[in-house]
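So this block is start-v4.cif, mmCIF, C-alpha atoms and all ligand atoms:
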```
data_structure
loop_
_atom_site.label_atom_id
_atom_site.label_comp_id
_atom_site.auth_asym_id
_atom_site.auth_seq_id
_atom_site.Cartn_x
_atom_site.Cartn_y
_atom_site.Cartn_z
CA MET A 118 -99.69 -50.37 -182.23
CA SER A 119 -102.62 -52.20 -180.65
CA ASP A 120 -103.46 -53.65 -184.12
CA LEU A 121 -100.14 -55.45 -184.03
CA GLN A 122 -100.59 -56.46 -180.41
CA LEU A 123 -104.18 -57.70 -180.53
CA ASP A 124 -105.58 -59.92 -183.27
CA SER A 125 -108.89 -59.35 -185.06
CA GLN A 126 -110.70 -61.27 -182.28
CA GLY A 127 -109.12 -59.02 -179.61
CA ARG A 128 -106.75 -61.74 -178.36
CA LEU A 129 -103.26 -60.83 -177.19
CA ARG A 130 -101.03 -61.81 -180.13
CA HIS A 131 -97.79 -60.09 -178.98
CA PHE A 132 -97.00 -58.09 -175.84
CA LEU A 133 -95.24 -54.92 -176.98
CA THR A 134 -96.58 -51.96 -175.01
CA VAL A 135 -99.04 -51.03 -172.27
CA GLU A 136 -100.20 -48.06 -174.37
CA GLY A 137 -103.59 -48.80 -175.84
CA LEU A 138 -104.21 -51.92 -173.73
CA SER A 139 -107.54 -51.78 -171.91
CA ARG A 140 -108.05 -51.85 -168.14
CA GLU A 141 -109.66 -55.27 -168.62
CA TRP A 142 -106.48 -56.59 -170.22
CA LEU A 143 -104.28 -55.23 -167.45
CA LEU A 144 -106.55 -56.81 -164.83
CA LYS A 145 -106.60 -60.11 -166.75
CA ILE A 146 -102.79 -60.22 -166.83
CA MET A 147 -102.61 -59.45 -163.09
CA ASP A 148 -105.31 -62.01 -162.24
CA THR A 149 -103.55 -64.66 -164.35
CA ALA A 150 -100.28 -63.80 -162.57
CA GLU A 151 -102.05 -64.31 -159.21
CA SER A 152 -103.00 -67.80 -160.36
CA PHE A 153 -99.32 -68.57 -161.13
CA GLY A 154 -97.98 -67.16 -157.85
CA SER A 155 -98.25 -70.51 -156.04
CA VAL A 156 -96.17 -72.40 -158.66
CA THR A 157 -93.04 -70.98 -157.02
CA TYR A 158 -93.95 -72.75 -153.76
CA GLN A 159 -94.81 -76.14 -155.27
CA LYS A 160 -92.46 -79.08 -154.73
CA VAL A 161 -92.00 -79.24 -158.51
CA LYS A 162 -92.03 -75.61 -159.66
CA LYS A 163 -93.63 -76.28 -163.03
CA VAL A 164 -96.94 -76.29 -164.89
CA PRO A 165 -97.19 -77.90 -168.35
CA LEU A 166 -98.82 -74.99 -170.23
CA LEU A 167 -95.95 -74.37 -172.69
CA ARG A 168 -94.60 -77.93 -172.88
CA GLY A 169 -93.14 -78.50 -176.35
CA LYS A 170 -92.81 -74.76 -177.05
CA THR A 171 -89.49 -73.01 -177.59
CA VAL A 172 -88.76 -69.53 -176.24
CA VAL A 173 -85.74 -67.50 -177.35
CA ASN A 174 -84.39 -64.79 -175.05
CA LEU A 175 -82.86 -62.26 -177.42
CA PHE A 176 -81.14 -59.60 -175.30
CA PHE A 177 -79.08 -56.97 -177.15
CA GLU A 178 -78.67 -54.97 -173.90
CA THR A 179 -77.52 -55.96 -170.44
CA SER A 180 -80.08 -57.27 -167.98
CA THR A 181 -80.13 -59.14 -164.69
CA ARG A 182 -83.76 -59.18 -163.51
CA THR A 183 -85.70 -59.20 -166.76
CA ARG A 184 -83.67 -61.87 -168.56
CA THR A 185 -83.49 -64.27 -165.64
CA THR A 186 -87.14 -63.90 -164.63
CA PHE A 187 -88.25 -64.44 -168.24
CA GLU A 188 -86.07 -67.56 -168.34
CA LEU A 189 -87.48 -68.84 -165.04
CA ALA A 190 -91.03 -67.97 -166.14
CA ALA A 191 -90.64 -69.91 -169.39
CA LYS A 192 -89.11 -72.89 -167.57
CA ARG A 193 -91.88 -72.89 -164.96
CA LEU A 194 -94.33 -73.08 -167.87
CA SER A 195 -92.29 -76.12 -169.13
CA ALA A 196 -91.04 -74.41 -172.32
CA ASP A 197 -87.60 -75.07 -173.79
CA VAL A 198 -85.52 -71.90 -173.44
CA LEU A 199 -82.68 -70.67 -175.60
CA ASN A 200 -80.64 -67.70 -174.36
CA LEU A 201 -78.84 -66.17 -177.31
CA ASN A 202 -75.55 -64.63 -176.23
CA VAL A 203 -75.48 -61.65 -178.57
CA GLN A 204 -71.80 -60.89 -177.79
CA VAL A 205 -70.72 -64.25 -179.25
CA SER A 206 -73.45 -64.59 -181.88
CA ALA A 207 -73.29 -63.69 -185.57
CA THR A 208 -74.67 -60.22 -184.66
CA ALA A 209 -71.08 -59.45 -183.65
CA LYS A 210 -70.08 -60.31 -187.26
CA GLY A 211 -72.56 -57.86 -188.75
CA GLU A 212 -75.63 -60.05 -189.24
CA SER A 213 -78.80 -57.92 -189.41
CA LEU A 214 -81.54 -58.20 -186.79
CA LEU A 215 -83.94 -59.55 -189.41
CA ASP A 216 -81.49 -62.20 -190.61
CA THR A 217 -80.95 -63.30 -187.00
CA ILE A 218 -84.73 -63.60 -186.56
CA ARG A 219 -85.16 -65.51 -189.85
CA ASN A 220 -82.44 -68.00 -188.83
CA LEU A 221 -83.94 -68.57 -185.39
CA GLU A 222 -87.40 -68.96 -186.96
CA ALA A 223 -85.93 -71.68 -189.18
CA MET A 224 -85.33 -73.61 -185.92
CA SER A 225 -89.11 -73.58 -185.27
CA VAL A 226 -89.13 -71.27 -182.27
CA ASP A 227 -92.49 -70.16 -180.90
CA MET A 228 -91.66 -66.96 -179.02
CA PHE A 229 -89.05 -64.21 -178.97
CA VAL A 230 -88.44 -62.19 -175.80
CA VAL A 231 -86.58 -59.11 -177.01
CA ARG A 232 -84.55 -56.41 -175.30
CA HIS A 233 -82.94 -53.89 -177.61
CA PRO A 234 -81.36 -50.42 -177.28
CA ASP A 235 -83.45 -49.11 -180.21
CA SER A 236 -87.01 -47.91 -179.58
CA GLY A 237 -89.37 -49.87 -181.80
CA ALA A 238 -87.17 -52.99 -182.17
CA ALA A 239 -89.77 -55.37 -180.71
CA HIS A 240 -92.50 -53.89 -182.93
CA PHE A 241 -90.20 -54.31 -185.94
CA ILE A 242 -89.67 -57.98 -185.13
CA ALA A 243 -93.38 -58.52 -184.48
CA ARG A 244 -94.14 -57.12 -187.94
CA HIS A 245 -91.81 -59.63 -189.58
CA VAL A 246 -92.28 -62.93 -187.74
CA ALA A 247 -94.41 -65.82 -189.01
CA PRO A 248 -98.10 -65.69 -187.96
CA GLU A 249 -97.70 -68.37 -185.26
CA VAL A 250 -94.65 -66.74 -183.59
CA CYS A 251 -95.17 -64.39 -180.61
CA VAL A 252 -92.98 -61.44 -179.58
CA ILE A 253 -92.67 -59.98 -176.08
CA ASN A 254 -90.99 -56.63 -175.53
CA ALA A 255 -88.49 -56.86 -172.65
CA GLY A 256 -87.49 -53.18 -173.03
CA ASP A 257 -86.80 -51.14 -176.18
CA GLY A 258 -84.70 -47.97 -176.00
CA ARG A 259 -86.53 -45.18 -174.22
CA HIS A 260 -89.88 -46.41 -175.47
CA ALA A 261 -91.45 -49.15 -173.35
CA HIS A 262 -90.86 -51.84 -170.73
CA PRO A 263 -94.37 -53.25 -170.47
CA THR A 264 -93.75 -56.31 -168.28
CA GLN A 265 -91.90 -54.09 -165.77
CA ALA A 266 -94.95 -51.80 -165.57
CA LEU A 267 -97.24 -54.80 -165.12
CA LEU A 268 -95.15 -56.27 -162.31
CA ASP A 269 -95.06 -52.83 -160.69
CA VAL A 270 -98.85 -52.41 -160.69
CA PHE A 271 -99.21 -56.06 -159.61
CA THR A 272 -96.98 -55.30 -156.60
CA ILE A 273 -98.92 -52.12 -155.79
CA ARG A 274 -102.23 -54.01 -155.98
CA ARG A 275 -100.96 -56.61 -153.49
CA HIS A 276 -100.53 -53.83 -150.89
CA LYS A 277 -102.97 -51.11 -152.00
CA PRO A 278 -105.72 -52.60 -154.15
CA ASP A 279 -107.80 -49.44 -154.65
CA PHE A 280 -106.01 -47.74 -157.55
CA ALA A 281 -108.68 -45.00 -157.62
CA SER A 282 -107.51 -43.68 -154.23
CA LEU A 283 -103.77 -43.54 -154.90
CA LYS A 284 -101.24 -40.74 -155.26
CA VAL A 285 -98.11 -42.04 -157.00
CA ALA A 286 -94.80 -40.25 -157.52
CA ILE A 287 -92.32 -41.43 -160.18
CA VAL A 288 -88.93 -39.99 -159.20
CA GLY A 289 -85.72 -39.73 -161.20
CA ASP A 290 -84.60 -39.77 -164.80
CA ILE A 291 -88.02 -39.59 -166.46
CA LEU A 292 -86.56 -38.27 -169.73
CA HIS A 293 -84.62 -41.43 -170.63
CA SER A 294 -86.90 -43.95 -168.93
CA ARG A 295 -88.91 -46.56 -170.80
CA VAL A 296 -90.07 -47.81 -167.40
CA ALA A 297 -91.65 -44.44 -166.53
CA ARG A 298 -93.52 -44.28 -169.84
CA SER A 299 -94.99 -47.74 -169.38
CA GLN A 300 -95.78 -47.09 -165.70
CA ILE A 301 -97.64 -43.88 -166.55
CA HIS A 302 -99.81 -45.68 -169.13
CA ALA A 303 -100.52 -48.57 -166.73
CA LEU A 304 -101.35 -46.33 -163.75
CA LYS A 305 -103.59 -44.07 -165.84
CA THR A 306 -105.43 -47.02 -167.38
CA LEU A 307 -106.02 -48.49 -163.92
CA GLY A 308 -107.56 -45.22 -162.76
CA VAL A 309 -104.86 -43.70 -160.52
CA PRO A 310 -106.08 -40.09 -160.16
CA GLU A 311 -102.78 -38.40 -159.29
CA ILE A 312 -99.48 -39.32 -160.93
CA ARG A 313 -96.53 -37.04 -160.24
CA VAL A 314 -93.19 -37.04 -162.03
CA VAL A 315 -90.34 -35.68 -159.92
CA ALA A 316 -86.97 -34.77 -161.42
CA PRO A 317 -84.58 -31.93 -162.18
CA ARG A 318 -86.03 -29.92 -165.07
CA THR A 319 -83.30 -31.31 -167.36
CA LEU A 320 -84.54 -34.87 -166.78
CA LEU A 321 -88.21 -34.18 -167.52
CA PRO A 322 -89.47 -34.54 -171.11
CA LYS A 323 -90.84 -31.38 -172.74
CA ALA A 324 -94.62 -31.01 -172.31
CA VAL A 325 -94.65 -33.96 -169.90
CA GLU A 326 -98.07 -32.75 -168.63
CA SER A 327 -99.56 -34.00 -171.90
CA LEU A 328 -99.05 -37.53 -170.52
CA GLY A 329 -101.57 -36.70 -167.76
CA VAL A 330 -98.98 -36.28 -165.00
CA VAL A 331 -98.05 -33.40 -162.70
CA PRO A 332 -94.37 -32.38 -162.83
CA TYR A 333 -92.36 -31.42 -159.71
CA CYS A 334 -88.78 -30.21 -159.68
CA GLU A 335 -88.34 -30.56 -155.93
CA LEU A 336 -88.32 -33.98 -154.26
CA GLU A 337 -89.84 -32.98 -150.91
CA ALA A 338 -92.88 -31.37 -152.54
CA GLY A 339 -93.16 -34.16 -155.12
CA ILE A 340 -93.48 -36.96 -152.56
CA GLU A 341 -95.59 -35.05 -149.99
CA GLY A 342 -98.51 -37.29 -148.98
CA VAL A 343 -98.02 -39.95 -151.67
CA ASP A 344 -98.95 -43.64 -151.32
CA VAL A 345 -96.29 -45.01 -153.64
CA ILE A 346 -92.85 -43.80 -154.74
CA LEU A 347 -91.44 -45.38 -157.89
CA MET A 348 -87.73 -44.59 -158.00
CA LEU A 349 -85.67 -44.59 -161.20
CA ARG A 350 -81.92 -44.64 -161.71
CA LEU A 351 -79.99 -42.18 -163.87
CA GLN A 352 -79.83 -43.91 -167.27
CA LYS A 353 -76.34 -42.82 -168.19
CA GLU A 354 -76.18 -45.27 -171.11
CA ARG A 355 -78.89 -43.24 -172.86
CA MET A 356 -77.61 -39.77 -171.93
CA GLN A 357 -75.77 -37.73 -174.51
CA GLY A 358 -74.20 -34.84 -172.64
CA ALA A 359 -74.46 -33.64 -169.05
CA PHE A 360 -77.95 -33.50 -167.54
CA ILE A 361 -76.91 -33.07 -163.90
CA PRO A 362 -73.90 -31.31 -162.31
CA SER A 363 -72.70 -34.55 -160.62
CA GLU A 364 -74.08 -37.69 -158.98
CA HIS A 365 -73.18 -36.18 -155.62
CA GLU A 366 -75.26 -33.08 -156.37
CA TYR A 367 -78.09 -35.23 -157.67
CA TYR A 368 -78.17 -37.25 -154.43
CA ARG A 369 -78.13 -34.05 -152.38
CA SER A 370 -81.32 -32.85 -154.09
CA PHE A 371 -83.09 -36.00 -155.29
CA GLY A 372 -81.69 -38.91 -153.25
CA LEU A 373 -84.45 -40.67 -151.30
CA THR A 374 -83.38 -40.73 -147.65
CA SER A 375 -85.41 -41.71 -144.57
CA ALA A 376 -85.77 -38.04 -143.62
CA ARG A 377 -87.28 -37.21 -147.01
CA LEU A 378 -89.43 -40.35 -147.07
CA ALA A 379 -91.14 -39.06 -143.89
CA ARG A 380 -92.94 -36.53 -146.14
CA ALA A 381 -94.89 -39.36 -147.83
CA LYS A 382 -97.79 -41.32 -146.27
CA PRO A 383 -96.70 -43.40 -143.26
CA ASP A 384 -97.44 -46.65 -145.17
CA CYS A 385 -95.87 -45.44 -148.41
CA LEU A 386 -94.41 -48.16 -150.67
CA VAL A 387 -90.92 -47.57 -152.06
CA MET A 388 -90.34 -49.28 -155.39
CA HIS A 389 -87.50 -49.43 -157.89
CA PRO A 390 -87.20 -51.50 -161.08
CA GLY A 391 -83.48 -52.04 -160.45
CA PRO A 392 -80.61 -51.95 -160.81
CA ILE A 393 -80.46 -49.59 -157.82
CA ASN A 394 -77.58 -47.18 -157.35
CA ARG A 395 -77.16 -46.72 -153.60
CA GLY A 396 -76.07 -43.23 -152.67
CA VAL A 397 -77.08 -41.86 -156.10
CA GLU A 398 -80.90 -42.04 -156.22
CA ILE A 399 -81.63 -43.96 -153.03
CA ALA A 400 -80.09 -44.36 -149.57
CA SER A 401 -79.38 -47.90 -148.34
CA GLU A 402 -81.54 -47.23 -145.27
CA VAL A 403 -84.52 -46.76 -147.62
CA ALA A 404 -83.65 -49.47 -150.19
CA ASP A 405 -83.38 -52.02 -147.36
CA GLY A 406 -85.99 -50.42 -145.07
CA VAL A 407 -89.53 -51.40 -144.09
CA HIS A 408 -91.19 -49.37 -146.86
CA SER A 409 -89.18 -51.05 -149.62
CA VAL A 410 -90.86 -53.69 -151.81
CA ILE A 411 -88.00 -53.73 -154.31
CA LEU A 412 -87.19 -57.44 -153.98
CA GLU A 413 -90.89 -58.30 -153.94
CA GLN A 414 -91.09 -56.65 -157.37
CA VAL A 415 -88.40 -59.04 -158.60
CA SER A 416 -90.27 -62.10 -157.28
CA HIS A 417 -93.55 -60.92 -158.83
CA GLY A 418 -91.74 -60.53 -162.15
CA ILE A 419 -91.78 -64.31 -162.55
CA ALA A 420 -95.54 -64.73 -162.11
CA VAL A 421 -96.34 -61.69 -164.27
CA ARG A 422 -94.05 -62.90 -167.07
CA MET A 423 -95.55 -66.40 -166.85
CA ALA A 424 -98.98 -64.78 -167.27
CA VAL A 425 -97.94 -62.74 -170.30
CA MET A 426 -96.25 -65.74 -171.96
CA ALA A 427 -99.23 -68.02 -171.35
CA LEU A 428 -101.70 -65.40 -172.60
CA VAL A 429 -99.88 -64.61 -175.87
CA MET A 430 -99.63 -68.35 -176.55
CA GLY A 431 -103.37 -68.70 -175.92
CA ARG A 432 -102.78 -71.06 -172.97
CA ALA A 433 -104.47 -69.01 -170.25
CA GLY A 434 -107.53 -66.84 -169.74
N1 LIG A 501 -85.77 -53.70 -164.28
C1 LIG A 501 -84.96 -54.11 -165.24
O1 LIG A 501 -85.27 -54.03 -166.44
O2 LIG A 501 -83.77 -54.64 -164.79
P1 LIG A 501 -82.69 -55.36 -165.71
O3 LIG A 501 -82.09 -54.31 -166.61
O4 LIG A 501 -81.71 -55.99 -164.78
O5 LIG A 501 -83.42 -56.39 -166.54
#
```
Any chance you could put this one into structure tokens?
Amino acid sequence: MSDLQLDSQGRLRHFLTVEGLSREWLLKIMDTAESFGSVTYQKVKKVPLLRGKTVVNLFFETSTRTRTTFELAAKRLSADVLNLNVQVSATAKGESLLDTIRNLEAMSVDMFVVRHPDSGAAHFIARHVAPEVCVINAGDGRHAHPTQALLDVFTIRRHKPDFASLKVAIVGDILHSRVARSQIHALKTLGVPEIRVVAPRTLLPKAVESLGVVPYCELEAGIEGVDVILMLRLQKERMQGAFIPSEHEYYRSFGLTSARLARAKPDCLVMHPGPINRGVEIASEVADGVHSVILEQVSHGIAVRMAVMALVMGRAG
């Protein structure tokens, strides 16, 4: 995987997964994102790094945060941006993914940002594009959501910079979550010593310990004394069959309420990649409360995605 992602000189050629990326690379992306943070507050919210480049947002799955922040990131880097509406594109007439890519490449695009329901779709595209075209994975099936993980660790670092002292709990539908997989790789690579995954047994992957995490099947115990809680929604679109008795039951046992949050450290951060489901995995009092950095995550998504785009195009670092 890293062979596809890094070129023979060790430069970031595509951004497909956190797995296999070094700590130095994760720090470089975060440091580059820090340098882009101020662009949002400039009078003219633009830098010319990708002027003359064309970015195609190719989203085969729904998205609010990822698609719009990639679009804003590309525009703030001065790229031209094309958002392909898959519902009204030739995909709806049976055109293959590869034929769609070939046709867009014929328009001299420089970068594809890809979200797809199939695990491995971004890697597949990266294997087939022309040598000068870059691919960024914006979420593929259950596999990976690397820019989400990067913006999550970027947000954590803003509040709690010493990763080596952190206890982090990832709570919710771990089984179907590409976000959890990428977060675990990022947190481990950055040296977080204790990563817990908290979920009903039915929503934990088999042998999850092999990922270097500690499983908990009870929320109160799972968040006891932690510094950061990363909440996940139930990914019903990827569930085949019943994994929980009902959403009501799930909330009763795994919903993050203020009373339960009191078990964590007093300055615990509450995070969520979104979309949040109030009253299913999280209470409004927590989602909108003082511990929540959920909207900060969204804002940081722009700077982190600017960093990734600039780095794969060789325009930063
Ligand atoms: N976090 C995330 O991927 O949200 P969207 O599905 O809205 O892009």
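Of the listed residues (A:Leu268, A:Met356, A:Ala379, A:Leu221), A:Leu268 comes nearest to ligand LIG 501 (chain A); the distances count all atoms listed in the file.
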*asked:* Counting all atoms listed in the file, what are the residues, protein, DNA or RNA alike, that approach ligand LIG 501 (chain A) to within 8 Å? I want them as a PyMOL selection string.
replied: chain A and resi 179-185+255-256+262+265+296+389-392
re CA of His245 (chain A) and CA of Phe229 (chain A): distance 11.9 Å
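Between CA of Thr272 (chain A) and CA of Tyr333 (chain A) lies a distance of 24.5 Å.
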- At most 8 Å from (-96.0, -31.7, -163.3), file frame, only C-alpha atoms: which residues, as a ChimeraX atom specification? /A:313-315,325-326,330-333
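Of the listed residues (A:Leu123, A:Val343, A:Val198, A:Leu138), A:Leu138 comes nearest to Pro263 (chain A); the distances count only C-alpha atoms.
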Original post:
Using all atoms listed in the file, which residue out of A:Asn200, A:Thr186, A:Ser370, A:Thr217 lies closest to Gly418 (chain A)?
Top reply: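 Comparing A:Asn200, A:Thr186, A:Ser370, A:Thr217 against Gly418 (chain A), the winner is A:Thr186.
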